[in-house]
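Participant: Okay, handing you the structure first.
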Number of protein chains: 4
Amino acid sequence: MLVAQQILTPEDGVAIAKGLEQIRGEIEGGAFVFSEANEDIHLNIEARLAELIGPVAGRLHTARSRNDQVATDFRLWVRGAIERIDVAMRDLQAALIEQAEAYADWVMPGFTHLQIAQPVTLGHHLLAYVEMIGRDRGRLADCRRRLNECPLGAAALAGTAFPIDRVATASALGFDGPAANSLDAVSDRDFAIEFLAAAALAGNHLSRFAEEIVLWSSEPFGFIRLSDAFTTGSSIMPQKRNPDAAELVRAKTGRLNGSLLALLTVMKGLPLAYQKDMQEDKVPVFEAADALELCLAATAGMVRDLRPDRERLREAAARGFSTATDLADWLVRVLGVPFRRAHHLTGEIVKRAEARGATLAELSLSELQQVEPAITQAVYEAIEVERSVASRTSFGGTAPARVSEAAAAARKRFLA
Amino acid sequence: MLVAQQILTPEDGVAIAKGLEQIRGEIEGGAFVFSEANEDIHLNIEARLAELIGPVAGRLHTARSRNDQVATDFRLWVRGAIERIDVAMRDLQAALIEQAEAYADWVMPGFTHLQIAQPVTLGHHLLAYVEMIGRDRGRLADCRRRLNECPLGAAALAGTAFPIDRVATASALGFDGPAANSLDAVSDRDFAIEFLAAAALAGNHLSRFAEEIVLWSSEPFGFIRLSDAFTTGSSIMPQKRNPDAAELVRAKTGRLNGSLLALLTVMKGLPLAYQKDMQEDKVPVFEAADALELCLAATAGMVRDLRPDRERLREAAARGFSTATDLADWLVRVLGVPFRRAHHLTGEIVKRAEARGATLAELSLSELQQVEPAITQAVYEAIEVERSVASRTSFGGTAPARVSEAAAAARKRFLA
Amino acid sequence: MLVAQQILTPEDGVAIAKGLEQIRGEIEGGAFVFSEANEDIHLNIEARLAELIGPVAGRLHTARSRNDQVATDFRLWVRGAIERIDVAMRDLQAALIEQAEAYADWVMPGFTHLQIAQPVTLGHHLLAYVEMIGRDRGRLADCRRRLNECPLGAAALAGTAFPIDRVATASALGFDGPAANSLDAVSDRDFAIEFLAAAALAGNHLSRFAEEIVLWSSEPFGFIRLSDAFTTGSSIMPQKRNPDAAELVRAKTGRLNGSLLALLTVMKGLPLAYQKDMQEDKVPVFEAADALELCLAATAGMVRDLRPDRERLREAAARGFSTATDLADWLVRVLGVPFRRAHHLTGEIVKRAEARGATLAELSLSELQQVEPAITQAVYEAIEVERSVASRTSFGGTAPARVSEAAAAARKRFLA
Amino acid sequence: MLVAQQILTPEDGVAIAKGLEQIRGEIEGGAFVFSEANEDIHLNIEARLAELIGPVAGRLHTARSRNDQVATDFRLWVRGAIERIDVAMRDLQAALIEQAEAYADWVMPGFTHLQIAQPVTLGHHLLAYVEMIGRDRGRLADCRRRLNECPLGAAALAGTAFPIDRVATASALGFDGPAANSLDAVSDRDFAIEFLAAAALAGNHLSRFAEEIVLWSSEPFGFIRLSDAFTTGSSIMPQKRNPDAAELVRAKTGRLNGSLLALLTVMKGLPLAYQKDMQEDKVPVFEAADALELCLAATAGMVRDLRPDRERLREAAARGFSTATDLADWLVRVLGVPFRRAHHLTGEIVKRAEARGATLAELSLSELQQVEPAITQAVYEAIEVERSVASRTSFGGTAPARVSEAAAAARKRFLA
């Protein structure tokens, strides 16, 4: 650009570009010698360039400042991190959708307050996380779009008197255009905070899933089993499978929340333009990106690895009279019983089941008819957990047919 | 919808609708009697409805649960808050742009590290905040778009067996469509966290401006003066004008960061689906919305109210040899002096100015020529602060012509 | 003090004191009319005092400023809150110790990674929380001690020329002495932040216990049952007992963390002395104190209310071969088997138990002797869960005798 | 201890101790080869010990678990960090007290709301920070005392059946005694959170001082000058001295707040006992300790380095009619003018000074007498800034005599 704008001569431009290419090679090859005396990466490179091409190296810095350069570099880094994370999120969605398809009709208890509430399917449950990750990807995409303005040319803070072409440099670096205000360009760290906020929320979702994995693989639940790849065990206690990976994913929310609040704290009340405080933006962002990438990979791995126990899931789903509301609805819908009376009759039937230690579907027809003679064999369509699940056919509901449709739709929305 | 889907009879539908209309009137008129025994708003309304229309009131709750209802209601509230805040942000941008136009060529010091670095214009400085608020509006708009999916019909968590039309209810409430997964619909609070994150970042921007107002209205700076509407004073110390409003805006970042962290903490590691913990979502969101609305109004008020002191701004801009880099650039550009030598000569000239207690532009031509005889009268084009400012014509730079263009562009981008 | 120091005449002192007493009565009786025009509580009272006693009311403010007064008042409030909270914490400890005594020998599974690890007793488990709350009380006591320095007399920020007696006013208000530096006295909010940090950590402990209550009262665990006072249920799903109180306690960590962060954010980077920002100290402290008091009362209530299911606890404790390490230790200790071989033999025995679906203690002696003929009947002392528990007699260990001693010691340390 | 309790034979004890000594030497000498296959530090050492002394190495782990060991190790680490930080804080106090003594009578403006309020002395201002750091040291000392209970012997979570002597091991490691409850001992991370809270609050204090350094060394203030050791400059802008060190200290509050919230988040809602999540305790604590130590050293360095500009400080102190309240007080005290009238007269005098562009003390006696004829030469005792400062002799006040006393007292309280 400097050559095209006749700010540098073509010869100087070529010399600088060649020198920089050589330096890139030296850095990538590990041959570059960094010196602390040269303060930072910028001055190290410029000093080496001077060794290579002489005083013309000084022209490298024309119409540029470390302030706009570091702002540009850091945007490029965050943009790259977003792209990597998007791939990892997509892969997690793929894993969830695959499993949701496989378990579209596996019945399990749906919980509210960690109390068994209504039967759902495991596929349905997994798809809930596909939605969460989908929103996470949306937030990161929005962040990427918003950050994709190039600070280069803002110089120290005021712009420059050199006749530079900011559109050209922005475009060369893959930005959508130049940042509109030079003071803002060098003092803005919104992109980093927005990234950290999106990362914290994504980590939050993963912590919820991790908590479920810890619960589900605990002995009292016994819903799933994870392989040695994601657990550590005890040679003499074979059933002990510590879900280390899930616990670490759950714990990483700490790091992610902390990183977000660290940078929000740093930026509070900073006057324009560049302040040295902003140098504290790197560590929280690097740590958060690392933590999130690790968590995404670990979670996708666990999703693919987990082996649900169909029998225990089904059995748990039937406990707690989880289809009592289905029974009441059936009495209203099929027998035309008024709502309040249906409710009362259901309570009576549940009491009998409880006294007998049976689930609702384990009561015989005659037992049911002792409470309400009009009840017919068809009632089992409502109170067996599979039938209950199959009946919830509203859009987004847990009926296996809906779950399969939802999985297919999710493939299109997120994996296409 | 329930009538259209033949889940309720038209008569029942009309009765319920009429009853609810009456209740709305009672609530708005202050005549409605809430009872704690009826636990929450839902049951209070249903109880009153039963008084008004009898047992058919029980059908109000058909195919619905408090879980999906509260998720829907809270989304509507957040959506409304976003819309109010967008109006307030737009107004703040309008105030900033007006003032930027008025002060497009008022010279002031540009600071880095709170050290005077290069002269800029006040209009340019104010437009930096227009960019920040513009990004804030973008984040809130993205949040609004993402939250605009309707949970209604998710019921308790699993969907429902009633043949409901979720597209219809979503559309009636202004949503873009129904939420895709019932478990997610009732356990998601992303929209609240995303709102809080956007609010915290917006509050961060306002804290930066507030800090500047506090600095600028302090005696050592003396850049601006605020009226009694935004300061409190002392009857016997007439120059003491405590910038209370700015201090409170700066302090509200505490509340905003705290609210964000509060909800992130609440949601950490919650298994699906609804947990009572989620009830703790309301206070942080209400408090954050209130705080942000207050801060936006106060800041717009201060922007319109502030009276800059042109003389002190200009004088400060000339201190600290703020145009030394302009001088060095001029030596390179106009006299063709090599970069390093230009740098050396500038250092010499600055030393003389410092010894004399003068600014660069206050040195006579002969004084300058004692250091470098080739210097001509034209050098003053570079080293007077107005000329320096006028020279920074790169896109987004501080030249008054650019500032005026940028203000006009901002009108189109943000106020159209 | 002002009279004693001859700054006010005795007559003026009496008039002011009488007037203030009357105002106190008016405020407590609800008769006091506050006016927004009088800005704040200080000026409202002074204005009313002037109505009551005339111009001498102006002397109320002698040698005093709102800055030192609000700092003093807020310290008094926090001190009072600490005292109330200490009482509530002591009561929670009392409830835990009572239950620990009652359940000193009730066996339950000890978990690591939510996997059954080793049997412990319920009493032992409850005493762990007594320790946590004990540390919380220590932190609050330290905070109280540290805050108990009186700012009064710091005046606006610089002290005063009036010959006041700060020791006297400090003592009259129950402080240990006057604050040593007037600038610090009016700009310090350490006491509030330290209180919030102690509250957040206490809330953290309560969140851990709340999580356990939620787990334990879930159907798959079924360890405890809470009464209707702390749960909400479903008329037709009698086993569904949503542990609302525990969920809310768990969620309040959000508020507590948020309040702490809010004030840390507010105070960041504030120059001395008083800044209006500090006014934002009240709401986080009030909200945190309310939240913590509520959580302590709810938790103490739940501790007293919970009904453990001895059979389910014991049965769970025996699962997962939780005494396998006891068996290996027995082989080393009693039979002198080398460590590695003991480990190997234990693994063999566990395999057989697993194959048979039995616990270790359910294997017959002959079955055990098939693996290692030297095993005797005495081995059951090690592998029955009650014996395992009873064997852990190290100080602080879970042996019922130790638990009873620890409960008695806790009574002395915390309740005396 | 294991030998003393006859759990190990003396021979085994000696062999293990010798082996461990050798390993210590290998680690310190850099010769120790760590293997990832050996999972963690514990197993690496045990494996090497087995190489050195054979199977008896297995007895190293007798009556011990990694759970109680890591809890013990981490407490030792935090205890050591507290001790290092206490030394650094004491050194900062020493630096502040030295400078306070040197500048006990240097007049500077005291600010409220960053508005000039009343004159104080620089020594007085610096001593305010001595108080803050004093409280920080107190908090760390309390934290150290509270953490100084030894978890060793808690084993995995339940204690042990071996007849260990926990008092002996506690004492050997410098603890005050053994932790009272084994479950608590392995699941407690209070000490780390309390440390982080104390560190965050200390960082907060340093951020306030850093903000003042940034302000004071800005051109509009010009109160102090820092050397090149704590600033970076510009070769051609000699007055530009970017206060990098102060900015970084200010920014580190981000890291410190973030670390605190990270660990509070990690520990939220974790059931007992050990969870893998707790492994996330190390990084926040290490990072916070590093950040705080760095900030303390940098701040002490800046305190010793800073060169105040006596003339600018004094001149600023006299601006803003900062002694107007002294004048009003003088009229009351000396002339017996009623309070309200004194206030009115002062307002009149200030108006005249303002009109003339003079400070109060620059008005002639006859000018003052035009407003109130009874005013005498003695009034200058009140309105000259030095006299104003000297008059504030209340305990903790800014009178130089008091400041010198306070500095001497601070030496005794904090440096003895």
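In the structure tokens, the first chain shown is A, the next is B, and so on; residue numbers restart at 1 for each chain, and ligands run from 1 in the order shown.
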What are the closest atom pairs, with distances in Å to one decimal, for all residues of chain C lying within 6 Å of chain D? Consider only C-alpha atoms, order rows by chain and residue number, and present the result as a tab-separated table.
Facilitator:
residue	atom	partner	partner_atom	distance
C:Phe111	CA	D:Ala273	CA	6.0
C:Thr112	CA	D:Tyr274	CA	5.0
C:His113	CA	D:Gln275	CA	4.7
C:Ala128	CA	D:Asp184	CA	4.7
C:Ala158	CA	D:Thr398	CA	5.4
C:Gly159	CA	D:Gly397	CA	4.1
C:Thr160	CA	D:Arg392	CA	4.6
C:Ala161	CA	D:Arg392	CA	4.4
C:Ala180	CA	D:Gly396	CA	4.9
C:Asn181	CA	D:Gly396	CA	4.4
C:Ser182	CA	D:Gly396	CA	5.2
C:Leu183	CA	D:Ala128	CA	6.0
C:Asp184	CA	D:Ala128	CA	4.8
C:Asn204	CA	D:Lys268	CA	5.5
C:Ser207	CA	D:Gly269	CA	4.7
C:Arg208	CA	D:Gly269	CA	4.1
C:Glu211	CA	D:Gly269	CA	5.4
C:Glu212	CA	D:Pro271	CA	5.7
C:Lys268	CA	D:Asn204	CA	5.5
C:Gly269	CA	D:Arg208	CA	4.1
C:Leu270	CA	D:Arg208	CA	5.2
C:Pro271	CA	D:Arg208	CA	5.4
C:Ala273	CA	D:Thr112	CA	5.4
C:Tyr274	CA	D:Thr112	CA	5.0
C:Gln275	CA	D:His113	CA	4.7
C:Ser391	CA	D:Ala161	CA	5.1
C:Arg392	CA	D:Ala161	CA	4.4
C:Thr393	CA	D:Ala161	CA	5.9
C:Ser394	CA	D:Thr160	CA	5.7
C:Gly396	CA	D:Asn181	CA	4.4
C:Gly397	CA	D:Gly159	CA	4.1
C:Thr398	CA	D:Ala158	CA	5.4
Participant: Could the residues in this selection be saved with N, CA, C and O atoms as a compact mmCIF listing (two decimals), in the first residue's frame?
Facilitator:
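Dumped to again.txt:
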# COMPACT_ATOMS: atom_id res chain seq x y z
N PHE C 111 -18.40 -39.51 49.24
CA PHE C 111 -18.19 -39.39 47.79
C PHE C 111 -16.90 -38.64 47.49
O PHE C 111 -16.54 -37.69 48.20
N THR C 112 -16.21 -39.06 46.47
CA THR C 112 -15.29 -38.16 45.78
C THR C 112 -15.68 -38.23 44.31
O THR C 112 -16.03 -39.30 43.81
N HIS C 113 -15.65 -37.09 43.63
CA HIS C 113 -16.08 -37.03 42.22
C HIS C 113 -17.53 -37.51 42.07
O HIS C 113 -17.90 -38.01 41.01
N ALA C 128 -18.62 -31.35 58.98
CA ALA C 128 -17.76 -30.63 58.03
C ALA C 128 -18.27 -29.21 57.83
O ALA C 128 -17.50 -28.24 57.76
N ALA C 158 -9.71 16.47 56.05
CA ALA C 158 -8.42 16.93 56.56
C ALA C 158 -8.35 17.02 58.08
O ALA C 158 -7.35 17.44 58.62
N GLY C 159 -9.42 16.59 58.76
CA GLY C 159 -9.50 16.86 60.18
C GLY C 159 -10.07 18.24 60.40
O GLY C 159 -10.56 18.88 59.45
N THR C 160 -10.00 18.72 61.62
CA THR C 160 -10.65 19.99 61.94
C THR C 160 -9.79 20.80 62.90
O THR C 160 -8.92 20.26 63.59
N ALA C 161 -10.04 22.09 62.90
CA ALA C 161 -9.33 22.99 63.82
C ALA C 161 -10.02 23.05 65.18
O ALA C 161 -9.44 23.58 66.13
N ALA C 180 -6.98 6.45 62.24
CA ALA C 180 -5.72 7.16 62.43
C ALA C 180 -5.44 8.24 61.40
O ALA C 180 -4.61 9.11 61.62
N ASN C 181 -6.09 8.19 60.26
CA ASN C 181 -5.77 9.14 59.19
C ASN C 181 -7.07 9.66 58.59
O ASN C 181 -7.90 8.87 58.13
N SER C 182 -7.23 10.97 58.59
CA SER C 182 -8.52 11.54 58.20
C SER C 182 -8.84 11.30 56.72
O SER C 182 -9.99 11.06 56.36
N LEU C 183 -7.82 11.33 55.86
CA LEU C 183 -8.07 11.08 54.44
C LEU C 183 -8.55 9.65 54.23
O LEU C 183 -9.49 9.38 53.48
N ASP C 184 -7.86 8.74 54.89
CA ASP C 184 -8.25 7.33 54.80
C ASP C 184 -9.65 7.13 55.38
O ASP C 184 -10.46 6.38 54.83
N ASN C 204 -21.02 -19.38 49.53
CA ASN C 204 -20.42 -20.50 48.82
C ASN C 204 -20.59 -21.80 49.61
O ASN C 204 -20.99 -22.83 49.06
N SER C 207 -24.08 -22.86 49.46
CA SER C 207 -24.43 -23.40 48.13
C SER C 207 -24.00 -24.87 48.03
O SER C 207 -24.65 -25.66 47.34
N ARG C 208 -22.93 -25.22 48.69
CA ARG C 208 -22.47 -26.61 48.64
C ARG C 208 -23.46 -27.50 49.40
O ARG C 208 -23.81 -28.59 48.93
N GLU C 211 -26.64 -27.80 47.38
CA GLU C 211 -26.48 -28.77 46.29
C GLU C 211 -26.66 -30.18 46.82
O GLU C 211 -27.30 -31.02 46.19
N GLU C 212 -26.10 -30.44 47.96
CA GLU C 212 -26.24 -31.78 48.53
C GLU C 212 -27.69 -32.08 48.90
O GLU C 212 -28.16 -33.22 48.70
N LYS C 268 -12.34 0.55 42.29
CA LYS C 268 -11.11 0.48 41.50
C LYS C 268 -10.65 1.86 41.04
O LYS C 268 -11.41 2.59 40.41
N GLY C 269 -9.42 2.18 41.36
CA GLY C 269 -8.80 3.36 40.79
C GLY C 269 -9.39 4.69 41.22
O GLY C 269 -9.18 5.70 40.54
N LEU C 270 -10.13 4.73 42.34
CA LEU C 270 -10.64 6.02 42.80
C LEU C 270 -9.56 6.78 43.55
O LEU C 270 -9.03 6.30 44.55
N PRO C 271 -9.26 8.00 43.12
CA PRO C 271 -8.30 8.80 43.87
C PRO C 271 -8.92 9.24 45.20
O PRO C 271 -10.14 9.22 45.37
N ALA C 273 -9.99 12.07 48.09
CA ALA C 273 -10.57 11.33 49.18
C ALA C 273 -11.99 10.91 48.76
O ALA C 273 -12.10 10.08 47.89
N TYR C 274 -13.02 11.49 49.34
CA TYR C 274 -14.36 11.06 49.01
C TYR C 274 -14.71 11.32 47.54
O TYR C 274 -14.44 12.38 47.00
N GLN C 275 -15.30 10.31 46.92
CA GLN C 275 -15.88 10.47 45.59
C GLN C 275 -17.34 10.03 45.66
O GLN C 275 -17.66 9.11 46.40
N SER C 391 -13.52 -48.15 62.22
CA SER C 391 -12.06 -48.30 62.30
C SER C 391 -11.32 -46.97 62.09
O SER C 391 -10.16 -46.83 62.44
N ARG C 392 -11.97 -45.99 61.51
CA ARG C 392 -11.28 -44.74 61.14
C ARG C 392 -11.25 -43.79 62.33
O ARG C 392 -11.95 -42.80 62.40
N THR C 393 -10.36 -44.16 63.23
CA THR C 393 -10.34 -43.49 64.53
C THR C 393 -9.29 -42.39 64.62
O THR C 393 -9.07 -41.83 65.70
N SER C 394 -8.64 -42.09 63.53
CA SER C 394 -7.68 -40.98 63.59
C SER C 394 -8.43 -39.69 63.95
O SER C 394 -9.62 -39.56 63.68
N GLY C 396 -10.26 -36.47 63.87
CA GLY C 396 -10.99 -35.89 62.75
C GLY C 396 -11.59 -36.93 61.83
O GLY C 396 -12.21 -36.57 60.82
N GLY C 397 -11.41 -38.22 62.15
CA GLY C 397 -11.91 -39.29 61.31
C GLY C 397 -13.38 -39.58 61.56
O GLY C 397 -14.01 -39.02 62.46
N THR C 398 -13.90 -40.53 60.78
CA THR C 398 -15.35 -40.72 60.73
C THR C 398 -15.88 -41.75 61.71
O THR C 398 -17.09 -41.98 61.77
Participant: Quick one: residues within 10 Å of Leu368 of chain C, only C-alpha atoms, excluding same-chain residues fewer than 4 positions away - as a list in words?
Facilitator: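 Result of the neighbour search: Leu345, Thr346, Glu348, Ile349, Val350, Arg352, Ala353, Leu360, Ala361, Leu363, Ser364, Glu372, Pro373, Ala374, Ile375, Thr376, Gln377 and Val379 of chain C.
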Participant: Just how far from atom CA of Gly29 of chain C is atom CA of Ala291 of chain C, in Å to one decimal?
Facilitator: 27.7 Å
Participant: Asn242 of chain A: which residues within 10 Å, counting only C-alpha atoms, same-chain residues fewer than 2 positions away excluded, as a count of residues only?
Facilitator: 24
Participant: Can you work out the spacing between atom CA of Phe321 of chain C and atom CA of Glu219 of chain C in Å, to one decimal?
Facilitator: 22.1 Å
Participant: Tell me which protein, DNA and RNA residues are within 10 Å of segment 32-34 of chain B, counting only C-alpha atoms, leaving out same-chain ones fewer than 6 positions away, and put them as a list in words.
Facilitator: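 Listing them by chain and then by number gives Ile23, Arg24, Gly25, Glu26, Asp40, Ile41, Leu43, Asn44, Ile45 and Arg48 of chain B.
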Participant: May I have the residues from that selection written out with C-alpha atoms, as an mmCIF file, in the first residue's frame?
Facilitator:
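Output file selection03.cif follows:
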data_model
loop_
_atom_site.group_PDB
_atom_site.id
_atom_site.type_symbol
_atom_site.label_atom_id
_atom_site.label_comp_id
_atom_site.auth_asym_id
_atom_site.auth_seq_id
_atom_site.Cartn_x
_atom_site.Cartn_y
_atom_site.Cartn_z
ATOM 1 C CA ILE B 23 -58.553 -8.370 35.029
ATOM 2 C CA ARG B 24 -56.139 -6.291 32.977
ATOM 3 C CA GLY B 25 -58.348 -3.297 33.673
ATOM 4 C CA GLU B 26 -58.412 -4.095 37.361
ATOM 5 C CA ASP B 40 -47.559 -16.032 42.212
ATOM 6 C CA ILE B 41 -48.966 -13.834 39.486
ATOM 7 C CA LEU B 43 -52.319 -18.257 40.225
ATOM 8 C CA ASN B 44 -53.596 -14.864 41.349
ATOM 9 C CA ILE B 45 -54.955 -14.224 37.891
ATOM 10 C CA ARG B 48 -59.673 -14.068 39.980
#
Participant: Write out as a PyMOL selection string all residues of segment 47-296 of chain C that backbone DSSP assigns to helix (DSSP H, G or I).
Facilitator: chain C and resi 47-61+66-102+122-147+166-172+182-187+190-216+244-267+276-296
Participant: Taking the DSSP assignment computed from this structure's backbone, write out as a VMD selection string all residues of segment 16-223 of chain C that belong to strand (DSSP E).
Facilitator: chain C and resid 107 to 112 115 to 121 149 to 150 177 to 178
Participant: Write the residues of the selection above to a file with C-alpha atoms, as a short mmCIF file (atom, residue, chain, number, x, y, z; two decimals), in the first residue's frame.
Facilitator:
data_model
loop_
_atom_site.label_atom_id
_atom_site.label_comp_id
_atom_site.auth_asym_id
_atom_site.auth_seq_id
_atom_site.Cartn_x
_atom_site.Cartn_y
_atom_site.Cartn_z
CA VAL C 107 -23.57 -44.83 57.81
CA MET C 108 -23.69 -43.16 54.42
CA PRO C 109 -21.48 -43.15 51.36
CA GLY C 110 -18.59 -40.71 51.31
CA PHE C 111 -18.19 -39.39 47.79
CA THR C 112 -15.29 -38.16 45.78
CA GLN C 115 -18.55 -41.51 43.04
CA ILE C 116 -18.99 -43.64 46.12
CA ALA C 117 -15.55 -43.78 47.72
CA GLN C 118 -15.61 -44.85 51.35
CA PRO C 119 -18.35 -45.12 53.97
CA VAL C 120 -18.64 -42.25 56.42
CA THR C 121 -21.30 -41.25 58.90
CA GLU C 149 -12.32 2.42 64.15
CA CYS C 150 -14.32 5.61 64.20
CA GLY C 177 -10.77 4.11 68.90
CA PRO C 178 -10.56 6.80 66.23
#
